[in-house]
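J.: File protein-v9.cif below, mmCIF, C-alpha atoms:
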```
data_data
loop_
_atom_site.label_atom_id
_atom_site.label_comp_id
_atom_site.auth_asym_id
_atom_site.auth_seq_id
_atom_site.Cartn_x
_atom_site.Cartn_y
_atom_site.Cartn_z
CA MET A 13 0.00 0.00 0.00
CA VAL A 14 1.08 3.54 -0.75
CA ILE A 15 0.74 4.53 2.89
CA TYR A 16 3.42 2.00 3.90
CA GLY A 17 5.98 3.96 1.91
CA VAL A 18 4.79 7.28 3.32
CA ALA A 19 4.80 5.87 6.86
CA LEU A 20 8.32 4.48 6.41
CA LEU A 21 9.46 7.91 5.27
CA SER A 22 7.69 9.63 8.17
CA ILE A 23 9.14 7.30 10.76
CA CYS A 24 12.65 7.87 9.38
CA MET A 25 12.12 11.62 9.63
CA LEU A 26 10.75 11.48 13.19
CA ILE A 27 13.63 9.32 14.42
CA GLY A 28 16.13 11.53 12.59
CA VAL A 29 14.72 14.76 14.01
CA PHE A 30 14.58 13.27 17.51
CA LEU A 31 18.22 12.15 17.33
CA GLY A 32 19.11 15.56 15.86
CA ASP A 33 17.55 17.28 18.86
CA LEU A 34 19.41 14.98 21.24
CA LEU A 35 22.65 15.69 19.41
CA GLY A 36 21.95 19.41 19.61
CA GLY A 37 21.42 19.10 23.36
CA LEU A 38 24.71 17.22 23.71
CA VAL A 39 26.75 19.91 21.95
CA GLY A 40 24.87 22.60 23.85
CA VAL A 41 22.87 24.37 21.14
CA SER A 42 19.10 24.50 21.29
CA ALA A 43 18.75 23.47 17.67
CA ASN A 44 18.44 20.36 15.59
CA VAL A 45 21.85 19.09 14.52
CA GLY A 46 21.85 16.89 11.43
CA GLY A 47 18.35 15.52 11.97
CA VAL A 48 17.47 15.52 8.29
CA GLY A 49 20.76 13.86 7.40
CA ILE A 50 20.17 11.10 9.96
CA GLY A 51 16.67 10.61 8.57
CA MET A 52 18.03 10.28 5.04
CA LEU A 53 20.66 7.81 6.10
CA LEU A 54 18.03 5.73 7.89
CA LEU A 55 15.82 5.72 4.81
CA VAL A 56 18.69 4.72 2.53
CA LEU A 57 19.62 1.83 4.84
CA LEU A 58 16.03 0.65 5.36
CA VAL A 59 15.07 0.82 1.68
CA ASP A 60 18.26 -1.04 0.80
CA LYS A 61 17.44 -3.78 3.29
CA LEU A 62 13.75 -4.08 2.40
CA ARG A 63 14.51 -4.23 -1.31
CA LYS A 64 16.95 -7.07 -0.85
CA LYS A 65 14.33 -8.99 1.11
CA LYS A 66 11.73 -8.07 -1.53
CA ARG A 67 9.55 -6.58 1.18
CA LEU A 68 9.06 -3.24 -0.54
CA ASN A 69 6.48 -3.59 -3.29
CA GLU A 70 5.74 -1.25 -6.18
CA GLN A 71 2.96 0.60 -4.40
CA SER A 72 4.93 1.24 -1.24
CA GLN A 73 7.68 2.67 -3.41
CA GLU A 74 5.16 4.99 -5.05
CA GLY A 75 4.51 6.55 -1.65
CA LEU A 76 8.21 7.40 -1.41
CA GLN A 77 8.46 8.44 -5.05
CA PHE A 78 5.62 10.91 -4.69
CA TRP A 79 7.25 12.82 -1.85
CA SER A 80 10.57 12.72 -3.60
CA SER A 81 9.09 14.39 -6.68
CA ILE A 82 7.04 16.93 -4.69
CA TYR A 83 10.35 18.27 -3.42
CA ILE A 84 10.84 21.02 -6.01
CA PRO A 85 7.32 22.44 -5.61
CA VAL A 86 7.93 22.52 -1.84
CA VAL A 87 11.13 24.46 -2.45
CA VAL A 88 9.24 26.94 -4.63
CA ALA A 89 6.74 27.43 -1.78
CA MET A 90 9.70 27.88 0.57
CA ALA A 91 11.14 30.57 -1.71
CA ALA A 92 7.77 32.33 -1.74
CA GLN A 93 7.85 32.78 2.02
CA GLN A 94 11.38 34.09 2.45
CA ASN A 95 11.82 37.52 3.99
CA VAL A 96 13.13 39.01 0.75
CA VAL A 97 12.20 42.55 1.77
CA ALA A 98 14.30 42.37 4.94
CA ALA A 99 17.21 40.91 3.00
CA LEU A 100 17.16 43.82 0.57
CA ASP A 101 16.59 46.36 3.37
CA GLY A 102 19.74 45.24 5.16
CA GLY A 103 21.75 47.66 3.06
CA PRO A 104 25.26 47.37 1.66
CA LEU A 105 26.84 45.65 4.68
CA ALA A 106 24.39 42.75 4.60
CA LEU A 107 24.54 42.63 0.82
CA LEU A 108 28.34 42.51 0.70
CA ALA A 109 28.66 40.04 3.58
CA GLY A 110 26.15 37.71 1.94
CA LEU A 111 27.64 38.18 -1.51
CA PHE A 112 31.26 37.56 -0.53
CA ALA A 113 30.35 34.62 1.69
CA THR A 114 28.56 33.06 -1.27
CA ILE A 115 31.38 33.74 -3.74
CA VAL A 116 34.03 32.32 -1.40
CA SER A 117 31.91 29.23 -0.77
CA PHE A 118 31.34 28.66 -4.49
CA ALA A 119 35.05 29.07 -5.19
CA LEU A 120 35.95 26.46 -2.58
CA VAL A 121 33.74 23.75 -4.10
CA PRO A 122 36.19 22.56 -6.81
CA LEU A 123 39.13 22.72 -4.38
CA LEU A 124 37.50 20.54 -1.74
CA THR A 125 35.99 18.16 -4.27
CA LYS A 126 39.51 17.25 -5.37
CA ILE A 127 40.58 16.03 -1.92
CA GLY A 128 40.92 12.25 -2.06
CA ASN A 129 39.40 12.15 -5.51
CA ASP A 130 40.13 8.85 -7.20
CA ASN A 131 37.40 8.81 -9.82
CA THR A 132 36.00 12.16 -10.78
CA ASN A 133 33.33 11.08 -13.15
CA PHE A 134 30.50 9.02 -11.81
CA PRO A 135 28.66 7.42 -14.71
CA GLU A 136 25.19 8.93 -15.09
CA ASP A 137 23.43 5.62 -14.65
CA GLU A 138 24.97 5.08 -11.24
CA ILE A 139 22.75 7.76 -9.85
CA GLN A 140 19.52 5.92 -9.70
CA LEU A 141 17.29 8.62 -8.41
CA LYS A 142 14.66 9.26 -11.02
CA GLU A 143 14.47 12.75 -12.39
CA ALA A 144 11.83 14.68 -10.50
CA LYS A 145 9.13 15.85 -12.83
CA MET B 21 -18.99 36.37 -4.54
CA VAL B 22 -15.45 37.58 -4.03
CA GLU B 23 -15.79 37.08 -0.29
CA MET B 24 -17.05 33.57 -0.82
CA LEU B 25 -14.12 32.81 -3.09
CA THR B 26 -11.51 34.19 -0.69
CA GLY B 27 -13.29 32.29 2.06
CA VAL B 28 -12.84 29.03 0.17
CA LEU B 29 -9.17 29.83 -0.54
CA GLU B 30 -8.50 30.71 3.10
CA LYS B 31 -10.25 27.68 4.51
CA ASN B 32 -8.36 25.32 2.22
CA GLY B 33 -5.00 26.97 2.57
CA LEU B 34 -2.75 24.02 1.81
CA VAL B 35 -4.79 23.04 -1.24
CA THR B 36 -4.66 26.65 -2.45
CA ALA B 37 -0.88 26.48 -2.08
CA PHE B 38 -0.67 23.31 -4.18
CA ALA B 39 -2.72 24.99 -6.91
CA LEU B 40 -0.71 28.21 -6.79
CA VAL B 41 2.68 26.47 -6.85
CA GLY B 42 1.48 24.20 -9.66
CA ILE B 43 0.46 27.19 -11.77
CA THR B 44 3.75 28.96 -10.96
CA MET B 45 5.74 25.94 -12.08
CA TYR B 46 3.67 25.55 -15.22
CA LEU B 47 4.35 29.16 -16.20
CA SER B 48 8.03 28.76 -15.29
CA TYR B 49 8.47 25.79 -17.59
CA ILE B 50 6.77 27.68 -20.42
CA ILE B 51 9.15 30.61 -19.85
CA SER B 52 12.07 28.18 -19.70
CA ASN B 53 11.16 26.51 -23.00
CA LYS B 54 9.96 29.50 -24.98
CA LEU B 55 12.19 32.33 -23.78
CA THR B 56 15.42 30.57 -22.85
CA LYS B 57 15.08 27.47 -25.06
CA GLY B 58 15.50 25.32 -21.96
CA ARG B 59 18.88 26.84 -21.09
CA ILE B 60 17.62 28.09 -17.75
CA HIS B 61 15.97 25.23 -15.94
CA GLY B 62 12.25 25.61 -15.27
CA SER B 63 12.67 24.99 -11.55
CA ALA B 64 15.28 27.78 -11.35
CA ILE B 65 12.76 30.17 -12.87
CA ALA B 66 10.06 28.88 -10.51
CA ILE B 67 12.28 29.56 -7.49
CA ILE B 68 13.07 33.07 -8.73
CA LEU B 69 9.35 33.68 -9.32
CA GLY B 70 8.74 32.42 -5.77
CA LEU B 71 11.23 34.95 -4.41
CA VAL B 72 9.63 37.75 -6.46
CA LEU B 73 6.21 36.78 -5.05
CA ALA B 74 7.75 36.78 -1.58
CA TYR B 75 9.05 40.30 -2.19
CA PHE B 76 5.64 41.62 -3.21
CA GLY B 77 3.99 39.75 -0.35
CA GLY B 78 6.43 41.39 2.06
CA ILE B 79 5.86 44.86 0.58
CA HIS B 80 2.11 44.37 0.67
CA THR B 81 1.79 43.18 4.28
CA GLY B 82 4.98 44.42 5.92
CA GLY B 83 5.33 40.94 7.41
CA GLU B 84 8.27 38.60 7.58
CA LYS B 85 6.96 35.58 5.73
CA GLY B 86 6.64 36.86 2.19
CA LEU B 87 3.57 35.66 0.34
CA ALA B 88 2.50 33.50 3.29
CA ASP B 89 1.50 36.63 5.24
CA ILE B 90 -1.35 37.29 2.81
CA SER B 91 -4.23 35.36 4.37
CA ILE B 92 -5.41 33.58 1.21
CA PHE B 93 -1.83 32.35 0.62
CA ALA B 94 -1.18 31.27 4.20
CA GLY B 95 -1.03 27.66 3.00
CA ILE B 96 2.28 28.50 1.29
CA GLY B 97 3.68 28.74 4.79
CA LEU B 98 2.66 25.18 5.55
CA MET B 99 3.68 23.77 2.17
CA GLY B 100 7.09 25.46 2.19
CA GLY B 101 7.58 25.21 5.94
CA GLY B 102 10.14 23.11 7.74
CA MET B 103 7.96 20.05 8.20
CA LEU B 104 7.07 19.25 4.59
CA ARG B 105 10.43 20.52 3.37
CA ASP B 106 12.29 18.05 5.58
CA LEU B 107 9.92 15.22 4.65
CA ALA B 108 10.46 15.88 0.94
CA ILE B 109 14.23 16.23 1.35
CA ILE B 110 14.43 12.91 3.17
CA ALA B 111 12.27 11.32 0.46
CA THR B 112 14.87 12.33 -2.14
CA ALA B 113 17.21 9.88 -0.44
CA PHE B 114 15.00 7.15 -1.86
CA GLY B 115 17.11 5.54 -4.56
CA VAL B 116 20.45 6.97 -3.46
CA ARG B 117 23.42 4.68 -3.68
CA LEU B 118 24.95 4.13 -0.28
CA GLU B 119 28.45 3.73 -1.75
CA GLU B 120 28.40 7.25 -3.20
CA VAL B 121 27.58 8.74 0.18
CA LYS B 122 30.37 6.76 1.84
CA LYS B 123 32.94 7.80 -0.78
CA ALA B 124 32.17 11.47 -0.38
CA GLY B 125 31.71 11.45 3.39
CA LEU B 126 35.13 12.80 4.38
CA ASN B 127 35.01 15.58 1.77
CA GLY B 128 31.61 16.56 3.12
CA ILE B 129 32.81 16.84 6.70
CA ILE B 130 35.87 18.87 5.71
CA ALA B 131 33.64 21.09 3.55
CA LEU B 132 31.29 21.72 6.46
CA PHE B 133 34.07 23.02 8.69
CA VAL B 134 35.78 25.01 5.95
CA GLY B 135 32.42 26.45 4.90
CA VAL B 136 31.49 27.67 8.36
CA PHE B 137 34.95 29.11 8.96
CA SER B 138 35.30 30.90 5.61
CA SER B 139 31.82 32.45 5.67
CA PHE B 140 32.34 33.58 9.26
CA LEU B 141 35.67 35.15 8.32
CA VAL B 142 34.15 36.96 5.34
CA GLY B 143 31.35 38.32 7.53
CA VAL B 144 33.83 39.60 10.10
CA ILE B 145 36.01 41.27 7.44
CA VAL B 146 33.04 43.03 5.87
CA ALA B 147 31.78 44.13 9.31
CA LEU B 148 35.27 45.48 10.16
CA SER B 149 35.37 47.43 6.90
CA PHE B 150 32.06 49.04 7.84
CA GLY B 151 33.51 50.26 11.14
CA TYR B 152 32.28 47.65 13.60
CA THR B 153 35.04 46.80 16.06
CA ASP B 154 33.40 45.25 19.13
CA ALA B 155 33.59 41.50 19.45
CA ALA B 156 29.84 40.98 19.92
CA SER B 157 28.88 42.72 16.66
CA LEU B 158 31.69 41.11 14.69
CA THR B 159 30.76 37.63 15.93
CA THR B 160 27.07 38.15 15.20
CA ILE B 161 27.57 39.43 11.66
CA GLY B 162 30.10 36.67 10.98
CA ALA B 163 27.61 34.09 12.20
CA GLY B 164 24.89 35.66 10.06
CA ALA B 165 27.11 35.34 6.99
CA THR B 166 27.27 31.63 7.80
CA THR B 167 23.51 31.16 7.97
CA TYR B 168 20.63 33.40 8.95
CA ILE B 169 19.43 31.00 11.60
CA VAL B 170 22.74 31.02 13.48
CA GLY B 171 23.06 34.83 13.25
CA PRO B 172 20.27 35.83 15.62
CA VAL B 173 20.93 32.89 17.98
CA THR B 174 24.55 33.98 18.30
CA GLY B 175 23.58 37.63 18.55
CA ALA B 176 21.21 36.96 21.42
CA ALA B 177 23.82 34.82 23.17
CA VAL B 178 26.61 37.42 23.03
CA GLY B 179 24.31 40.39 23.62
CA ALA B 180 24.59 42.20 20.30
CA SER B 181 22.32 45.14 19.47
CA SER B 182 19.07 44.48 17.61
CA GLU B 183 20.37 46.49 14.66
CA VAL B 184 23.35 44.16 14.36
CA ILE B 185 21.12 41.11 14.72
CA ALA B 186 18.88 42.39 11.91
CA LEU B 187 21.99 42.90 9.78
CA SER B 188 23.18 39.37 10.46
CA ILE B 189 19.80 37.95 9.43
CA ALA B 190 19.83 40.08 6.28
CA ALA B 191 23.34 38.89 5.40
CA GLY B 192 22.29 35.27 5.81
CA LEU B 193 19.12 35.80 3.77
CA ILE B 194 21.07 37.46 0.96
CA LYS B 195 23.39 34.47 0.97
CA ALA B 196 20.53 31.94 0.88
CA ILE B 197 18.79 33.79 -1.95
CA LEU B 198 22.02 34.20 -3.94
CA ILE B 199 22.76 30.50 -3.59
CA MET B 200 19.29 29.58 -4.85
CA VAL B 201 19.51 31.91 -7.83
CA ALA B 202 23.18 31.62 -8.77
CA THR B 203 23.87 27.90 -8.34
CA PRO B 204 22.49 26.76 -11.72
CA PHE B 205 24.57 29.42 -13.48
CA VAL B 206 27.89 28.71 -11.78
CA ALA B 207 27.42 24.93 -11.53
CA LYS B 208 29.47 24.11 -14.61
CA TYR B 209 32.34 26.41 -13.60
CA ILE B 210 32.74 24.81 -10.18
CA GLY B 211 32.28 21.23 -11.41
CA LEU B 212 28.98 20.70 -9.64
CA ASN B 213 27.83 17.71 -11.67
CA ASN B 214 28.49 14.66 -9.52
CA PRO B 215 27.49 13.39 -6.09
CA ARG B 216 30.88 14.11 -4.51
CA ALA B 217 30.80 17.76 -5.60
CA ALA B 218 27.21 17.98 -4.39
CA VAL B 219 28.20 16.74 -0.94
CA VAL B 220 31.05 19.26 -0.77
CA TYR B 221 28.80 22.04 -2.05
CA GLY B 222 26.15 21.21 0.55
CA GLY B 223 28.73 21.28 3.33
CA LEU B 224 30.34 24.53 2.20
CA MET B 225 27.21 26.58 1.62
CA GLY B 226 25.74 25.82 5.02
CA SER B 227 22.29 27.13 4.12
CA THR B 228 19.60 24.45 3.95
CA SER B 229 17.15 26.51 1.95
CA GLY B 230 19.84 27.87 -0.36
CA VAL B 231 21.27 24.45 -1.05
CA ALA B 232 17.84 22.88 -1.43
CA GLY B 233 16.81 25.47 -4.00
CA GLY B 234 20.17 25.67 -5.72
CA LEU B 235 20.51 21.96 -6.34
CA ALA B 236 16.88 21.57 -7.32
CA ALA B 237 17.41 24.21 -9.98
CA THR B 238 20.69 22.68 -11.18
CA ASP B 239 20.08 18.95 -11.28
CA PRO B 240 17.42 17.25 -9.17
CA LYS B 241 19.49 14.06 -9.14
CA LEU B 242 22.06 15.76 -6.93
CA VAL B 243 19.61 17.02 -4.29
CA PRO B 244 19.96 14.18 -1.78
CA TYR B 245 23.74 14.45 -1.70
CA GLY B 246 23.77 18.16 -0.90
CA GLN B 247 22.01 17.83 2.43
#
```
Hey, can you dump this file as structure tokens for me?

T.:
Amino acid sequence: MVIYGVALLSICMLIGVFLGDLLGGLVGVSANVGGVGIGMLLLVLLVDKLRKKKRLNEQSQEGLQFWSSIYIPVVVAMAAQQNVVAALDGGPLALLAGLFATIVSFALVPLLTKIGNDNTNFPEDEIQLKEAK
Amino acid sequence: MVEMLTGVLEKNGLVTAFALVGITMYLSYIISNKLTKGRIHGSAIAIILGLVLAYFGGIHTGGEKGLADISIFAGIGLMGGGMLRDLAIIATAFGVRLEEVKKAGLNGIIALFVGVFSSFLVGVIVALSFGYTDAASLTTIGAGATTYIVGPVTGAAVGASSEVIALSIAAGLIKAILIMVATPFVAKYIGLNNPRAAVVYGGLMGSTSGVAGGLAATDPKLVPYGQ
């Protein structure tokens, strides 16, 4: 059933967020640390296991696929509720700080990607995630 | 009539949001195909349109949540809020190859630390050049340049002025918006076309919303690796 996939996803998220909160408490910040990442890792591991045991049927996978492809629309909705006015009102200091921080971060991407790089080009078909439509 | 219609839209906020975002994306893909011949990805245009809507929403209401502050569009707040965003992000992990994540793990961790440090440093330098010299202000603006969530938390912790805290949020917001808009254009120059680069990029940028939008607009296949 479709709901099995959605429930699996939801449980992974809840566990991830809970562990993220715990982790945040441990390092002394009142925020969620890595909750989403933990949730993703859990999902990857569980799906991997269930697939090998053939316990994840087509319909359950559809429940996961749906939420995976609704991702971009959710991001568009997220963009539509950003405080763009405040960002632009911050004046030159905020603008420059944000701009330079972004440029420096972009520039560092190729440098850090090279560290420990044995095979730069992953064949396209190795990435199995279906293109979100 | 009009009141009845707005009543329906308000009562069914989340459904209104689905309809609105669907229409926005439809228009964006038309613009992408017709005006840019597909060179600028439809989702990049949709995100930019979203930000433009947020701007007008903010001007119209004077609120902090862009379009979501207009009552008939309040559902946008739920649809684009943290809960559904995180659920959808985690769902993108469906189909990811575990080996790729393992291979890029170390790069990702290094990138996270370098990213936080370099953005912080940039924020501090810019703040210094604008005449701020006290440690509290410098720290707050530096933290804001890292991400707009950390800025105000840090500011409150070290006792910075509200003006400085507002600046730090603005700096972080500018960064998040720039990342969303600029990523698809710079992707090919920084080699952002494989999972390893996506992991590094996600670690360096340090802005969940920026990275989420930026990767979605560049190549949806890379999204799960960036978080």

J.: Within 6 Å of chain B, which residues of chain A come that close, and what is the closest atom pair and distance in Å for each? Count all atoms listed in the file and give it as JSON lines.

T.:
```
{"residue": "A:Met52", "atom": "CA", "partner": "B:Ile110", "partner_atom": "CA", "distance": 4.8}
{"residue": "A:Leu76", "atom": "CA", "partner": "B:Ala111", "partner_atom": "CA", "distance": 5.9}
{"residue": "A:Trp79", "atom": "CA", "partner": "B:Ala108", "partner_atom": "CA", "distance": 5.2}
{"residue": "A:Ser80", "atom": "CA", "partner": "B:Thr112", "partner_atom": "CA", "distance": 4.6}
{"residue": "A:Tyr83", "atom": "CA", "partner": "B:Ala108", "partner_atom": "CA", "distance": 5.0}
{"residue": "A:Val86", "atom": "CA", "partner": "B:Gly100", "partner_atom": "CA", "distance": 5.1}
{"residue": "A:Val87", "atom": "CA", "partner": "B:Gly233", "partner_atom": "CA", "distance": 6.0}
{"residue": "A:Val88", "atom": "CA", "partner": "B:Ile67", "partner_atom": "CA", "distance": 4.9}
{"residue": "A:Ala89", "atom": "CA", "partner": "B:Gly100", "partner_atom": "CA", "distance": 4.4}
{"residue": "A:Met90", "atom": "CA", "partner": "B:Gly100", "partner_atom": "CA", "distance": 3.9}
{"residue": "A:Ala91", "atom": "CA", "partner": "B:Gly70", "partner_atom": "CA", "distance": 5.1}
{"residue": "A:Ala92", "atom": "CA", "partner": "B:Gly70", "partner_atom": "CA", "distance": 4.1}
{"residue": "A:Gln93", "atom": "CA", "partner": "B:Gly86", "partner_atom": "CA", "distance": 4.3}
{"residue": "A:Gln94", "atom": "CA", "partner": "B:Gly86", "partner_atom": "CA", "distance": 5.5}
{"residue": "A:Asn95", "atom": "CA", "partner": "B:Glu84", "partner_atom": "CA", "distance": 5.2}
{"residue": "A:Val96", "atom": "CA", "partner": "B:Tyr75", "partner_atom": "CA", "distance": 5.2}
{"residue": "A:Val97", "atom": "CA", "partner": "B:Tyr75", "partner_atom": "CA", "distance": 5.5}
{"residue": "A:Ala99", "atom": "CA", "partner": "B:Ala190", "partner_atom": "CA", "distance": 4.3}
{"residue": "A:Gly102", "atom": "CA", "partner": "B:Ala190", "partner_atom": "CA", "distance": 5.3}
{"residue": "A:Ala106", "atom": "CA", "partner": "B:Ala191", "partner_atom": "CA", "distance": 4.1}
{"residue": "A:Ala109", "atom": "CA", "partner": "B:Gly143", "partner_atom": "CA", "distance": 5.1}
{"residue": "A:Gly110", "atom": "CA", "partner": "B:Lys195", "partner_atom": "CA", "distance": 4.4}
{"residue": "A:Ala113", "atom": "CA", "partner": "B:Ser139", "partner_atom": "CA", "distance": 4.8}
{"residue": "A:Thr114", "atom": "CA", "partner": "B:Lys195", "partner_atom": "CA", "distance": 5.8}
{"residue": "A:Ser117", "atom": "CA", "partner": "B:Leu224", "partner_atom": "CA", "distance": 5.8}
{"residue": "A:Val121", "atom": "CA", "partner": "B:Tyr221", "partner_atom": "CA", "distance": 5.6}
{"residue": "A:Pro122", "atom": "CA", "partner": "B:Ile210", "partner_atom": "CA", "distance": 5.3}
{"residue": "A:Thr125", "atom": "CA", "partner": "B:Ala217", "partner_atom": "CA", "distance": 5.4}
{"residue": "A:Gln140", "atom": "CA", "partner": "B:Gly115", "partner_atom": "CA", "distance": 5.7}
{"residue": "A:Leu141", "atom": "CA", "partner": "B:Gly115", "partner_atom": "CA", "distance": 4.9}
```

J.: Could those selected residues go to a file with C-alpha atoms, as a short mmCIF file (atom, residue, chain, number, x, y, z; two decimals), in the coordinates of the input?

T.:
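The resulting file, part13.cif, is reproduced below:
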```
data_model
loop_
_atom_site.label_atom_id
_atom_site.label_comp_id
_atom_site.auth_asym_id
_atom_site.auth_seq_id
_atom_site.Cartn_x
_atom_site.Cartn_y
_atom_site.Cartn_z
CA MET A 52 18.03 10.28 5.04
CA LEU A 76 8.21 7.40 -1.41
CA TRP A 79 7.25 12.82 -1.85
CA SER A 80 10.57 12.72 -3.60
CA TYR A 83 10.35 18.27 -3.42
CA VAL A 86 7.93 22.52 -1.84
CA VAL A 87 11.13 24.46 -2.45
CA VAL A 88 9.24 26.94 -4.63
CA ALA A 89 6.74 27.43 -1.78
CA MET A 90 9.70 27.88 0.57
CA ALA A 91 11.14 30.57 -1.71
CA ALA A 92 7.77 32.33 -1.74
CA GLN A 93 7.85 32.78 2.02
CA GLN A 94 11.38 34.09 2.45
CA ASN A 95 11.82 37.52 3.99
CA VAL A 96 13.13 39.01 0.75
CA VAL A 97 12.20 42.55 1.77
CA ALA A 99 17.21 40.91 3.00
CA GLY A 102 19.74 45.24 5.16
CA ALA A 106 24.39 42.75 4.60
CA ALA A 109 28.66 40.04 3.58
CA GLY A 110 26.15 37.71 1.94
CA ALA A 113 30.35 34.62 1.69
CA THR A 114 28.56 33.06 -1.27
CA SER A 117 31.91 29.23 -0.77
CA VAL A 121 33.74 23.75 -4.10
CA PRO A 122 36.19 22.56 -6.81
CA THR A 125 35.99 18.16 -4.27
CA GLN A 140 19.52 5.92 -9.70
CA LEU A 141 17.29 8.62 -8.41
#
```

J.: One number please: atom CA of A:Lys61 to atom CA of A:Ile23, in Å, one decimal.

T.: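 Spanning atom CA of A:Lys61 to atom CA of A:Ile23 is a straight-line distance of 15.7 Å.
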
J.: Calculate how many Å separate atom CA of A:Ser81 from atom CA of A:Val14, rounding to one decimal.

T.: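 These two atoms are separated by 14.7 Å.
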
J.: For B:Gly27, list every protein, DNA or RNA residue within 12 Å, evaluated using only C-alpha atoms, and leave out those in the same chain fewer than 6 positions away; present the list as a list in words.

T.: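 Listing them by chain and then by number gives Met21, Gly33, Thr36, Ser91, Ile92 and Phe93 of chain B.
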
J.: Once the PyMOL selection byres ((chain A and resi 71) around 9) has been applied to the shown file, what residues remain in the selection, as an NGL selection string?

T.: :A and (13-17 or 68-70 or 72-75)

J.: Could you check which of B:Asn53, B:Ser48, B:Thr26, B:Thr238 is closest to B:Phe205, using all atoms listed in the file?

T.: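 Checking each candidate against B:Phe205, we get B:Thr238 as the closest.
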
J.: Report the distance between atom CA of B:Leu132 and atom CA of B:Thr153 in Å, rounded to one decimal place.

T.: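 Computed distance, atom CA of B:Leu132 to atom CA of B:Thr153, equals 27.1 Å.
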
J.: Identify the residues within 8 Å of coordinate (13.1, 12.7, 10.4) (same frame as the file), considering only C-alpha atoms, and give the answer as a VMD selection string.

T.: (chain A and resid 21 to 30 47 to 48 50 to 52) or (chain B and resid 106 to 107 110)
